[in-house]
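Shown next: protein.pdb, given as PDB, C-alpha atoms and all ligand atoms.
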```
ATOM      1  CA  MET V   1     184.563 258.470  80.111  1.00  0.00           C
ATOM      2  CA  ILE V   2     184.574 254.774  79.242  1.00  0.00           C
ATOM      3  CA  LYS V   3     184.158 252.118  81.911  1.00  0.00           C
ATOM      4  CA  GLN V   4     185.312 248.552  81.426  1.00  0.00           C
ATOM      5  CA  ILE V   5     183.690 245.312  82.548  1.00  0.00           C
ATOM      6  CA  SER V   6     185.859 242.182  82.713  1.00  0.00           C
ATOM      7  CA  ILE V   7     184.317 238.845  81.770  1.00  0.00           C
ATOM      8  CA  LYS V   8     185.992 235.470  82.138  1.00  0.00           C
ATOM      9  CA  THR V   9     184.283 232.879  79.957  1.00  0.00           C
ATOM     10  CA  SER V  10     184.535 229.159  80.661  1.00  0.00           C
ATOM     11  CA  SER V  11     183.573 227.443  77.410  1.00  0.00           C
ATOM     12  CA  ARG V  12     183.851 227.928  73.643  1.00  0.00           C
ATOM     13  CA  ILE V  13     180.300 229.145  73.229  1.00  0.00           C
ATOM     14  CA  GLU V  14     178.549 230.772  76.140  1.00  0.00           C
ATOM     15  CA  MET V  15     176.128 233.598  76.896  1.00  0.00           C
ATOM     16  CA  VAL V  16     177.080 235.359  80.130  1.00  0.00           C
ATOM     17  CA  ASP V  17     174.455 237.512  81.860  1.00  0.00           C
ATOM     18  CA  ILE V  18     176.238 240.816  82.606  1.00  0.00           C
ATOM     19  CA  THR V  19     173.126 242.803  83.583  1.00  0.00           C
ATOM     20  CA  SER V  20     174.147 243.258  87.225  1.00  0.00           C
ATOM     21  CA  LYS V  21     177.655 244.403  86.199  1.00  0.00           C
ATOM     22  CA  VAL V  22     176.177 247.003  83.844  1.00  0.00           C
ATOM     23  CA  GLU V  23     173.717 248.117  86.538  1.00  0.00           C
ATOM     24  CA  GLU V  24     176.643 248.603  88.902  1.00  0.00           C
ATOM     25  CA  VAL V  25     178.402 250.888  86.404  1.00  0.00           C
ATOM     26  CA  VAL V  26     175.187 252.889  85.968  1.00  0.00           C
ATOM     27  CA  ARG V  27     174.761 253.184  89.743  1.00  0.00           C
ATOM     28  CA  ASP V  28     178.379 254.267  90.259  1.00  0.00           C
ATOM     29  CA  SER V  29     178.053 256.917  87.539  1.00  0.00           C
ATOM     30  CA  GLY V  30     175.317 258.710  89.490  1.00  0.00           C
ATOM     31  CA  ILE V  31     173.598 259.480  86.172  1.00  0.00           C
ATOM     32  CA  LYS V  32     169.814 259.307  86.529  1.00  0.00           C
ATOM     33  CA  GLU V  33     168.628 259.986  82.976  1.00  0.00           C
ATOM     34  CA  GLY V  34     170.438 259.089  79.782  1.00  0.00           C
ATOM     35  CA  ILE V  35     171.635 256.288  77.561  1.00  0.00           C
ATOM     36  CA  CYS V  36     173.965 253.445  78.468  1.00  0.00           C
ATOM     37  CA  TYR V  37     175.975 252.148  75.513  1.00  0.00           C
ATOM     38  CA  ILE V  38     177.679 248.769  75.732  1.00  0.00           C
ATOM     39  CA  TYR V  39     180.350 247.874  73.193  1.00  0.00           C
ATOM     40  CA  VAL V  40     182.330 244.632  72.841  1.00  0.00           C
ATOM     41  CA  PRO V  41     185.791 245.182  71.264  1.00  0.00           C
ATOM     42  CA  HIS V  42     186.330 241.597  70.098  1.00  0.00           C
ATOM     43  CA  THR V  43     185.983 239.833  66.738  1.00  0.00           C
ATOM     44  CA  THR V  44     184.715 236.528  68.152  1.00  0.00           C
ATOM     45  CA  ALA V  45     182.397 237.775  70.923  1.00  0.00           C
ATOM     46  CA  GLY V  46     179.367 240.038  70.832  1.00  0.00           C
ATOM     47  CA  ILE V  47     176.441 241.271  72.867  1.00  0.00           C
ATOM     48  CA  THR V  48     172.686 240.882  72.833  1.00  0.00           C
ATOM     49  CA  ILE V  49     169.621 241.495  74.976  1.00  0.00           C
ATOM     50  CA  ASN V  50     167.151 238.665  75.413  1.00  0.00           C
ATOM     51  CA  GLU V  51     165.297 236.589  77.984  1.00  0.00           C
ATOM     52  CA  GLY V  52     167.215 235.951  81.186  1.00  0.00           C
ATOM     53  CA  ALA V  53     164.464 234.283  83.210  1.00  0.00           C
ATOM     54  CA  ASP V  54     164.352 230.933  81.405  1.00  0.00           C
ATOM     55  CA  PRO V  55     167.839 229.516  80.655  1.00  0.00           C
ATOM     56  CA  SER V  56     166.405 227.295  77.909  1.00  0.00           C
ATOM     57  CA  VAL V  57     166.051 230.419  75.727  1.00  0.00           C
ATOM     58  CA  VAL V  58     169.826 230.954  75.762  1.00  0.00           C
ATOM     59  CA  LYS V  59     170.311 227.253  75.055  1.00  0.00           C
ATOM     60  CA  ASP V  60     167.960 227.439  72.054  1.00  0.00           C
ATOM     61  CA  ILE V  61     169.717 230.542  70.700  1.00  0.00           C
ATOM     62  CA  ASN V  62     173.121 228.838  70.862  1.00  0.00           C
ATOM     63  CA  GLN V  63     171.834 225.602  69.327  1.00  0.00           C
ATOM     64  CA  THR V  64     170.206 227.523  66.486  1.00  0.00           C
ATOM     65  CA  LEU V  65     173.346 229.591  65.828  1.00  0.00           C
ATOM     66  CA  ARG V  66     175.317 226.339  65.691  1.00  0.00           C
ATOM     67  CA  LYS V  67     172.891 224.936  63.103  1.00  0.00           C
ATOM     68  CA  LEU V  68     173.022 228.135  61.043  1.00  0.00           C
ATOM     69  CA  VAL V  69     176.819 228.418  61.277  1.00  0.00           C
ATOM     70  CA  PRO V  70     178.431 224.987  61.765  1.00  0.00           C
ATOM     71  CA  PRO V  71     181.982 224.951  63.204  1.00  0.00           C
ATOM     72  CA  ASP V  72     183.431 223.285  60.119  1.00  0.00           C
ATOM     73  CA  ALA V  73     181.919 224.205  56.778  1.00  0.00           C
ATOM     74  CA  GLY V  74     184.915 224.731  54.509  1.00  0.00           C
ATOM     75  CA  TYR V  75     185.646 228.319  55.480  1.00  0.00           C
ATOM     76  CA  SER V  76     188.537 230.355  53.999  1.00  0.00           C
ATOM     77  CA  HIS V  77     189.752 231.781  57.318  1.00  0.00           C
ATOM     78  CA  LEU V  78     192.601 229.497  58.369  1.00  0.00           C
ATOM     79  CA  GLU V  79     192.626 230.244  62.094  1.00  0.00           C
ATOM     80  CA  GLY V  80     189.912 227.622  62.611  1.00  0.00           C
ATOM     81  CA  ASN V  81     187.380 229.967  64.148  1.00  0.00           C
ATOM     82  CA  ALA V  82     185.503 231.292  61.115  1.00  0.00           C
ATOM     83  CA  ASP V  83     182.198 230.208  62.675  1.00  0.00           C
ATOM     84  CA  SER V  84     183.016 232.368  65.725  1.00  0.00           C
ATOM     85  CA  HIS V  85     183.545 235.444  63.545  1.00  0.00           C
ATOM     86  CA  ILE V  86     180.304 234.829  61.630  1.00  0.00           C
ATOM     87  CA  LYS V  87     178.231 234.285  64.808  1.00  0.00           C
ATOM     88  CA  THR V  88     179.703 237.505  66.197  1.00  0.00           C
ATOM     89  CA  THR V  89     178.587 239.408  63.123  1.00  0.00           C
ATOM     90  CA  ILE V  90     175.072 237.964  63.398  1.00  0.00           C
ATOM     91  CA  VAL V  91     174.794 239.000  67.075  1.00  0.00           C
ATOM     92  CA  GLY V  92     176.612 242.333  66.681  1.00  0.00           C
ATOM     93  CA  PRO V  93     179.200 244.194  68.802  1.00  0.00           C
ATOM     94  CA  ASN V  94     176.983 246.686  70.604  1.00  0.00           C
ATOM     95  CA  THR V  95     173.698 247.499  72.268  1.00  0.00           C
ATOM     96  CA  PHE V  96     172.201 250.254  74.387  1.00  0.00           C
ATOM     97  CA  VAL V  97     169.631 250.677  77.125  1.00  0.00           C
ATOM     98  CA  PHE V  98     167.846 253.855  78.239  1.00  0.00           C
ATOM     99  CA  ILE V  99     168.332 255.024  81.825  1.00  0.00           C
ATOM    100  CA  GLU V 100     165.439 256.591  83.758  1.00  0.00           C
ATOM    101  CA  GLY V 101     165.437 257.295  87.474  1.00  0.00           C
ATOM    102  CA  GLY V 102     168.941 255.862  87.695  1.00  0.00           C
ATOM    103  CA  ARG V 103     167.782 252.456  86.427  1.00  0.00           C
ATOM    104  CA  LEU V 104     168.245 250.562  83.188  1.00  0.00           C
ATOM    105  CA  GLN V 105     164.911 250.419  81.371  1.00  0.00           C
ATOM    106  CA  LEU V 106     165.029 246.736  80.533  1.00  0.00           C
ATOM    107  CA  GLY V 107     161.816 244.791  80.051  1.00  0.00           C
ATOM    108  CA  THR V 108     160.694 242.422  82.808  1.00  0.00           C
ATOM    109  CA  TRP V 109     162.256 239.357  81.199  1.00  0.00           C
ATOM    110  CA  GLN V 110     165.238 241.005  79.540  1.00  0.00           C
ATOM    111  CA  SER V 111     168.891 240.523  80.462  1.00  0.00           C
ATOM    112  CA  ILE V 112     172.072 241.777  78.819  1.00  0.00           C
ATOM    113  CA  PHE V 113     174.203 238.886  77.561  1.00  0.00           C
ATOM    114  CA  PHE V 114     177.871 238.874  76.644  1.00  0.00           C
ATOM    115  CA  CYS V 115     178.079 236.308  73.821  1.00  0.00           C
ATOM    116  CA  GLU V 116     181.271 234.248  73.768  1.00  0.00           C
ATOM    117  CA  PHE V 117     181.870 232.388  70.503  1.00  0.00           C
ATOM    118  CA  ASP V 118     185.526 231.387  70.851  1.00  0.00           C
ATOM    119  CA  GLY V 119     186.261 230.854  74.527  1.00  0.00           C
ATOM    120  CA  PRO V 120     187.288 230.251  77.117  1.00  0.00           C
ATOM    121  CA  ARG V 121     189.032 233.626  77.294  1.00  0.00           C
ATOM    122  CA  SER V 122     189.402 236.772  79.345  1.00  0.00           C
ATOM    123  CA  ARG V 123     187.141 239.329  77.709  1.00  0.00           C
ATOM    124  CA  LYS V 124     185.862 242.828  78.204  1.00  0.00           C
ATOM    125  CA  ALA V 125     182.900 245.035  77.449  1.00  0.00           C
ATOM    126  CA  LEU V 126     183.131 248.828  77.297  1.00  0.00           C
ATOM    127  CA  ILE V 127     180.412 251.036  78.712  1.00  0.00           C
ATOM    128  CA  LYS V 128     179.726 254.692  78.052  1.00  0.00           C
ATOM    129  CA  ILE V 129     176.880 256.518  79.683  1.00  0.00           C
ATOM    130  CA  ILE V 130     175.594 259.668  78.034  1.00  0.00           C
ATOM    131  CA  PRO V 131     173.462 261.835  80.356  1.00  0.00           C
ATOM    132  CA  ASP V 132     170.442 263.767  79.046  1.00  0.00           C
ATOM    133  CA  ARG V 133     171.043 267.459  78.498  1.00  0.00           C
ATOM    134  CA  ILE V 134     169.353 269.614  81.096  1.00  0.00           C
TER
HETATM  135 ZN    ZN V 201     189.910 234.160  63.471  1.00  0.00          ZN
END
```
Could you write out this structure as structure tokens?
Amino acid sequence: MIKQISIKTSSRIEMVDITSKVEEVVRDSGIKEGICYIYVPHTTAGITINEGADPSVVKDINQTLRKLVPPDAGYSHLEGNADSHIKTTIVGPNTFVFIEGGRLQLGTWQSIFFCEFDGPRSRKALIKIIPDRI
């Protein structure tokens, strides 16, 4: 079964920490051992895992992505959001985390970030938890 997380973003480019929402889905599933897959079904938003403790890391990531992929660089895509599509491809649409003892096995400083590249919008992330075979 697939569970859905709703995310409301508030600016064009934004990394939203969704770790606690994912943890809630894992808790509600009752699954103690397995894999938690997270998939973002959008073409201008993605997902990544990185440091959540120091907000300057997220700031640096977004500033660097902006330098690598400027908003206006003579793209072919006429919708005006080519940079959003390219940033999404760099970040990717999915990630996973192992589950042990009912808990996500994230590192001490790791958080799961929904990456908005063309907000603000109402977005979603899909979660599927696969339990270990007994
Ligand atoms: Zn587009």
Show me, as a ChimeraX atom specification, the residues that have an atom within 9 Å of Thr95 in chain V when counting all atoms listed in the file, minus same-chain residues fewer than 2 positions from it. /V:36-39,47-49,92-93,97,112
For this file, the PyMOL selection byres (((not hetatm)) within 10 of (chain V and resi 201)) selects which residues, as a list of chain:residue names?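 After applying the PyMOL selection byres (((not hetatm)) within 10 of (chain V and resi 201)), what remains is V:Thr43, V:Thr44, V:His77, V:Leu78, V:Glu79, V:Gly80, V:Asn81, V:Ala82, V:Asp83, V:Ser84, V:His85, V:Ile86, V:Asp118.
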Just to confirm, what's the straight-line distance from CA of Cys115 in chain V to CA of Ile99 in chain V in Å (one decimal)?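 Between CA of Cys115 in chain V and CA of Ile99 in chain V the gap is 22.6 Å.
We find CA of Arg103 in chain V and CA of Pro41 in chain V to be spaced 24.6 Å apart.
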Which residues, named as in the file, does the PyMOL selection byres (((chain V and resi 105) around 12) and not hetatm) pick out? Answer as a PyMOL selection string. chain V and resi 19+23+26+32-36+49+96-104+106-112
Could you expand the PyMOL selection byres (((chain V and resi 25) around 10) and not hetatm) into the explicit residues it covers here, written as a ChimeraX atom specification? /V:3-5,20-24,26-31,36,127-129
Selection to disk with C-alpha atoms, as a PDB file, keeping the file's coordinate frame:
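Okay, this is what ended up in result_16.pdb:
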```pdb
ATOM      1  CA  LYS V   3     184.158 252.118  81.911  1.00  0.00           C
ATOM      2  CA  GLN V   4     185.312 248.552  81.426  1.00  0.00           C
ATOM      3  CA  ILE V   5     183.690 245.312  82.548  1.00  0.00           C
ATOM      4  CA  SER V  20     174.147 243.258  87.225  1.00  0.00           C
ATOM      5  CA  LYS V  21     177.655 244.403  86.199  1.00  0.00           C
ATOM      6  CA  VAL V  22     176.177 247.003  83.844  1.00  0.00           C
ATOM      7  CA  GLU V  23     173.717 248.117  86.538  1.00  0.00           C
ATOM      8  CA  GLU V  24     176.643 248.603  88.902  1.00  0.00           C
ATOM      9  CA  VAL V  26     175.187 252.889  85.968  1.00  0.00           C
ATOM     10  CA  ARG V  27     174.761 253.184  89.743  1.00  0.00           C
ATOM     11  CA  ASP V  28     178.379 254.267  90.259  1.00  0.00           C
ATOM     12  CA  SER V  29     178.053 256.917  87.539  1.00  0.00           C
ATOM     13  CA  GLY V  30     175.317 258.710  89.490  1.00  0.00           C
ATOM     14  CA  ILE V  31     173.598 259.480  86.172  1.00  0.00           C
ATOM     15  CA  CYS V  36     173.965 253.445  78.468  1.00  0.00           C
ATOM     16  CA  ILE V 127     180.412 251.036  78.712  1.00  0.00           C
ATOM     17  CA  LYS V 128     179.726 254.692  78.052  1.00  0.00           C
ATOM     18  CA  ILE V 129     176.880 256.518  79.683  1.00  0.00           C
TER      19      ILE V 129
END
```
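Remark: for Leu126 in chain V, the closest of the candidate residues V:Val40, V:Thr9, V:Tyr75, V:Val69 is V:Val40 (distances computed over only C-alpha atoms).
Counting only C-alpha atoms and comparing V:Ser6, V:Ser56, V:Asn62, V:Ser76, the residue that lies closest to Ala125 in chain V is V:Ser6.
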Once you've located range 79-93 of chain V in the structure I gave, write it as a PDB file, in the first residue's frame, keeping all heavy atoms.
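Below you can see selection.pdb, which holds the result:
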```pdb
ATOM      1  N   GLU V  79       8.070  27.018 -20.932  1.00  0.00           N
ATOM      2  CA  GLU V  79       7.206  27.268 -19.771  1.00  0.00           C
ATOM      3  C   GLU V  79       7.860  28.230 -18.773  1.00  0.00           C
ATOM      4  O   GLU V  79       7.193  28.735 -17.868  1.00  0.00           O
ATOM      5  CB  GLU V  79       6.892  25.927 -19.088  1.00  0.00           C
ATOM      6  CG  GLU V  79       5.640  25.950 -18.240  1.00  0.00           C
ATOM      7  CD  GLU V  79       5.464  24.657 -17.444  1.00  0.00           C
ATOM      8  OE1 GLU V  79       6.371  23.791 -17.488  1.00  0.00           O
ATOM      9  OE2 GLU V  79       4.445  24.535 -16.774  1.00  0.00           O
ATOM     10  N   GLY V  80       9.171  28.447 -18.928  1.00  0.00           N
ATOM     11  CA  GLY V  80       9.861  29.385 -18.048  1.00  0.00           C
ATOM     12  C   GLY V  80      10.407  28.754 -16.778  1.00  0.00           C
ATOM     13  O   GLY V  80      10.870  29.461 -15.890  1.00  0.00           O
ATOM     14  N   ASN V  81      10.342  27.430 -16.706  1.00  0.00           N
ATOM     15  CA  ASN V  81      10.852  26.783 -15.494  1.00  0.00           C
ATOM     16  C   ASN V  81      11.847  25.664 -15.820  1.00  0.00           C
ATOM     17  O   ASN V  81      11.929  24.668 -15.092  1.00  0.00           O
ATOM     18  CB  ASN V  81       9.700  26.244 -14.645  1.00  0.00           C
ATOM     19  CG  ASN V  81       8.884  25.183 -15.369  1.00  0.00           C
ATOM     20  OD1 ASN V  81       9.122  24.915 -16.545  1.00  0.00           O
ATOM     21  ND2 ASN V  81       7.941  24.582 -14.665  1.00  0.00           N
ATOM     22  N   ALA V  82      12.601  25.857 -16.887  1.00  0.00           N
ATOM     23  CA  ALA V  82      13.588  24.837 -17.287  1.00  0.00           C
ATOM     24  C   ALA V  82      14.586  24.573 -16.165  1.00  0.00           C
ATOM     25  O   ALA V  82      14.977  23.428 -15.928  1.00  0.00           O
ATOM     26  CB  ALA V  82      14.310  25.283 -18.551  1.00  0.00           C
ATOM     27  N   ASP V  83      14.996  25.644 -15.460  1.00  0.00           N
ATOM     28  CA  ASP V  83      15.953  25.449 -14.361  1.00  0.00           C
ATOM     29  C   ASP V  83      15.360  24.537 -13.283  1.00  0.00           C
ATOM     30  O   ASP V  83      16.084  23.730 -12.679  1.00  0.00           O
ATOM     31  CB  ASP V  83      16.384  26.793 -13.767  1.00  0.00           C
ATOM     32  CG  ASP V  83      15.234  27.538 -13.111  1.00  0.00           C
ATOM     33  OD1 ASP V  83      14.177  27.722 -13.763  1.00  0.00           O
ATOM     34  OD2 ASP V  83      15.373  27.933 -11.933  1.00  0.00           O
ATOM     35  N   SER V  84      14.053  24.637 -13.056  1.00  0.00           N
ATOM     36  CA  SER V  84      13.395  23.793 -12.047  1.00  0.00           C
ATOM     37  C   SER V  84      13.461  22.320 -12.448  1.00  0.00           C
ATOM     38  O   SER V  84      13.731  21.443 -11.617  1.00  0.00           O
ATOM     39  CB  SER V  84      11.927  24.193 -11.885  1.00  0.00           C
ATOM     40  OG  SER V  84      11.798  25.591 -11.781  1.00  0.00           O
ATOM     41  N   HIS V  85      13.221  22.047 -13.729  1.00  0.00           N
ATOM     42  CA  HIS V  85      13.295  20.663 -14.211  1.00  0.00           C
ATOM     43  C   HIS V  85      14.719  20.117 -14.072  1.00  0.00           C
ATOM     44  O   HIS V  85      14.916  18.972 -13.657  1.00  0.00           O
ATOM     45  CB  HIS V  85      12.884  20.607 -15.689  1.00  0.00           C
ATOM     46  CG  HIS V  85      11.435  20.877 -15.934  1.00  0.00           C
ATOM     47  ND1 HIS V  85      10.436  20.006 -15.564  1.00  0.00           N
ATOM     48  CD2 HIS V  85      10.804  21.929 -16.521  1.00  0.00           C
ATOM     49  CE1 HIS V  85       9.255  20.504 -15.927  1.00  0.00           C
ATOM     50  NE2 HIS V  85       9.457  21.677 -16.500  1.00  0.00           N
ATOM     51  N   ILE V  86      15.705  20.940 -14.410  1.00  0.00           N
ATOM     52  CA  ILE V  86      17.101  20.477 -14.381  1.00  0.00           C
ATOM     53  C   ILE V  86      17.550  20.225 -12.935  1.00  0.00           C
ATOM     54  O   ILE V  86      18.173  19.207 -12.634  1.00  0.00           O
ATOM     55  CB  ILE V  86      18.025  21.502 -15.090  1.00  0.00           C
ATOM     56  CG1 ILE V  86      17.662  21.568 -16.577  1.00  0.00           C
ATOM     57  CG2 ILE V  86      19.489  21.122 -14.910  1.00  0.00           C
ATOM     58  CD1 ILE V  86      18.213  22.787 -17.309  1.00  0.00           C
ATOM     59  N   LYS V  87      17.205  21.141 -12.024  1.00  0.00           N
ATOM     60  CA  LYS V  87      17.548  20.949 -10.604  1.00  0.00           C
ATOM     61  C   LYS V  87      16.903  19.681 -10.063  1.00  0.00           C
ATOM     62  O   LYS V  87      17.505  18.948  -9.279  1.00  0.00           O
ATOM     63  CB  LYS V  87      17.116  22.165  -9.781  1.00  0.00           C
ATOM     64  CG  LYS V  87      18.011  23.373  -9.989  1.00  0.00           C
ATOM     65  CD  LYS V  87      17.380  24.645  -9.429  1.00  0.00           C
ATOM     66  CE  LYS V  87      18.168  25.866  -9.879  1.00  0.00           C
ATOM     67  NZ  LYS V  87      17.354  27.081  -9.900  1.00  0.00           N
ATOM     68  N   THR V  88      15.668  19.418 -10.503  1.00  0.00           N
ATOM     69  CA  THR V  88      14.966  18.209 -10.060  1.00  0.00           C
ATOM     70  C   THR V  88      15.698  16.954 -10.522  1.00  0.00           C
ATOM     71  O   THR V  88      15.823  15.985  -9.770  1.00  0.00           O
ATOM     72  CB  THR V  88      13.514  18.209 -10.601  1.00  0.00           C
ATOM     73  OG1 THR V  88      12.850  19.344 -10.061  1.00  0.00           O
ATOM     74  CG2 THR V  88      12.776  16.948 -10.222  1.00  0.00           C
ATOM     75  N   THR V  89      16.202  16.993 -11.748  1.00  0.00           N
ATOM     76  CA  THR V  89      16.941  15.834 -12.244  1.00  0.00           C
ATOM     77  C   THR V  89      18.260  15.648 -11.499  1.00  0.00           C
ATOM     78  O   THR V  89      18.664  14.526 -11.219  1.00  0.00           O
ATOM     79  CB  THR V  89      17.167  15.972 -13.770  1.00  0.00           C
ATOM     80  OG1 THR V  89      15.944  15.627 -14.410  1.00  0.00           O
ATOM     81  CG2 THR V  89      18.252  15.055 -14.265  1.00  0.00           C
ATOM     82  N   ILE V  90      18.904  16.737 -11.124  1.00  0.00           N
ATOM     83  CA  ILE V  90      20.153  16.630 -10.355  1.00  0.00           C
ATOM     84  C   ILE V  90      19.879  15.983  -8.988  1.00  0.00           C
ATOM     85  O   ILE V  90      20.602  15.090  -8.549  1.00  0.00           O
ATOM     86  CB  ILE V  90      20.806  18.019 -10.182  1.00  0.00           C
ATOM     87  CG1 ILE V  90      21.348  18.509 -11.531  1.00  0.00           C
ATOM     88  CG2 ILE V  90      21.925  17.972  -9.130  1.00  0.00           C
ATOM     89  CD1 ILE V  90      21.835  19.954 -11.528  1.00  0.00           C
ATOM     90  N   VAL V  91      18.814  16.437  -8.323  1.00  0.00           N
ATOM     91  CA  VAL V  91      18.490  15.935  -6.975  1.00  0.00           C
ATOM     92  C   VAL V  91      17.888  14.529  -7.028  1.00  0.00           C
ATOM     93  O   VAL V  91      18.187  13.684  -6.185  1.00  0.00           O
ATOM     94  CB  VAL V  91      17.541  16.933  -6.273  1.00  0.00           C
ATOM     95  CG1 VAL V  91      16.877  16.317  -5.068  1.00  0.00           C
ATOM     96  CG2 VAL V  91      18.301  18.191  -5.889  1.00  0.00           C
ATOM     97  N   GLY V  92      17.030  14.283  -8.020  1.00  0.00           N
ATOM     98  CA  GLY V  92      16.403  12.970  -8.168  1.00  0.00           C
ATOM     99  C   GLY V  92      15.025  12.899  -7.524  1.00  0.00           C
ATOM    100  O   GLY V  92      14.705  13.688  -6.639  1.00  0.00           O
ATOM    101  N   PRO V  93      14.192  11.935  -7.975  1.00  0.00           N
ATOM    102  CA  PRO V  93      12.806  11.839  -7.506  1.00  0.00           C
ATOM    103  C   PRO V  93      12.588  10.861  -6.353  1.00  0.00           C
ATOM    104  O   PRO V  93      11.449  10.681  -5.918  1.00  0.00           O
ATOM    105  CB  PRO V  93      12.075  11.339  -8.759  1.00  0.00           C
ATOM    106  CG  PRO V  93      13.076  10.437  -9.408  1.00  0.00           C
ATOM    107  CD  PRO V  93      14.444  11.045  -9.113  1.00  0.00           C
TER     108      PRO V  93
END
```
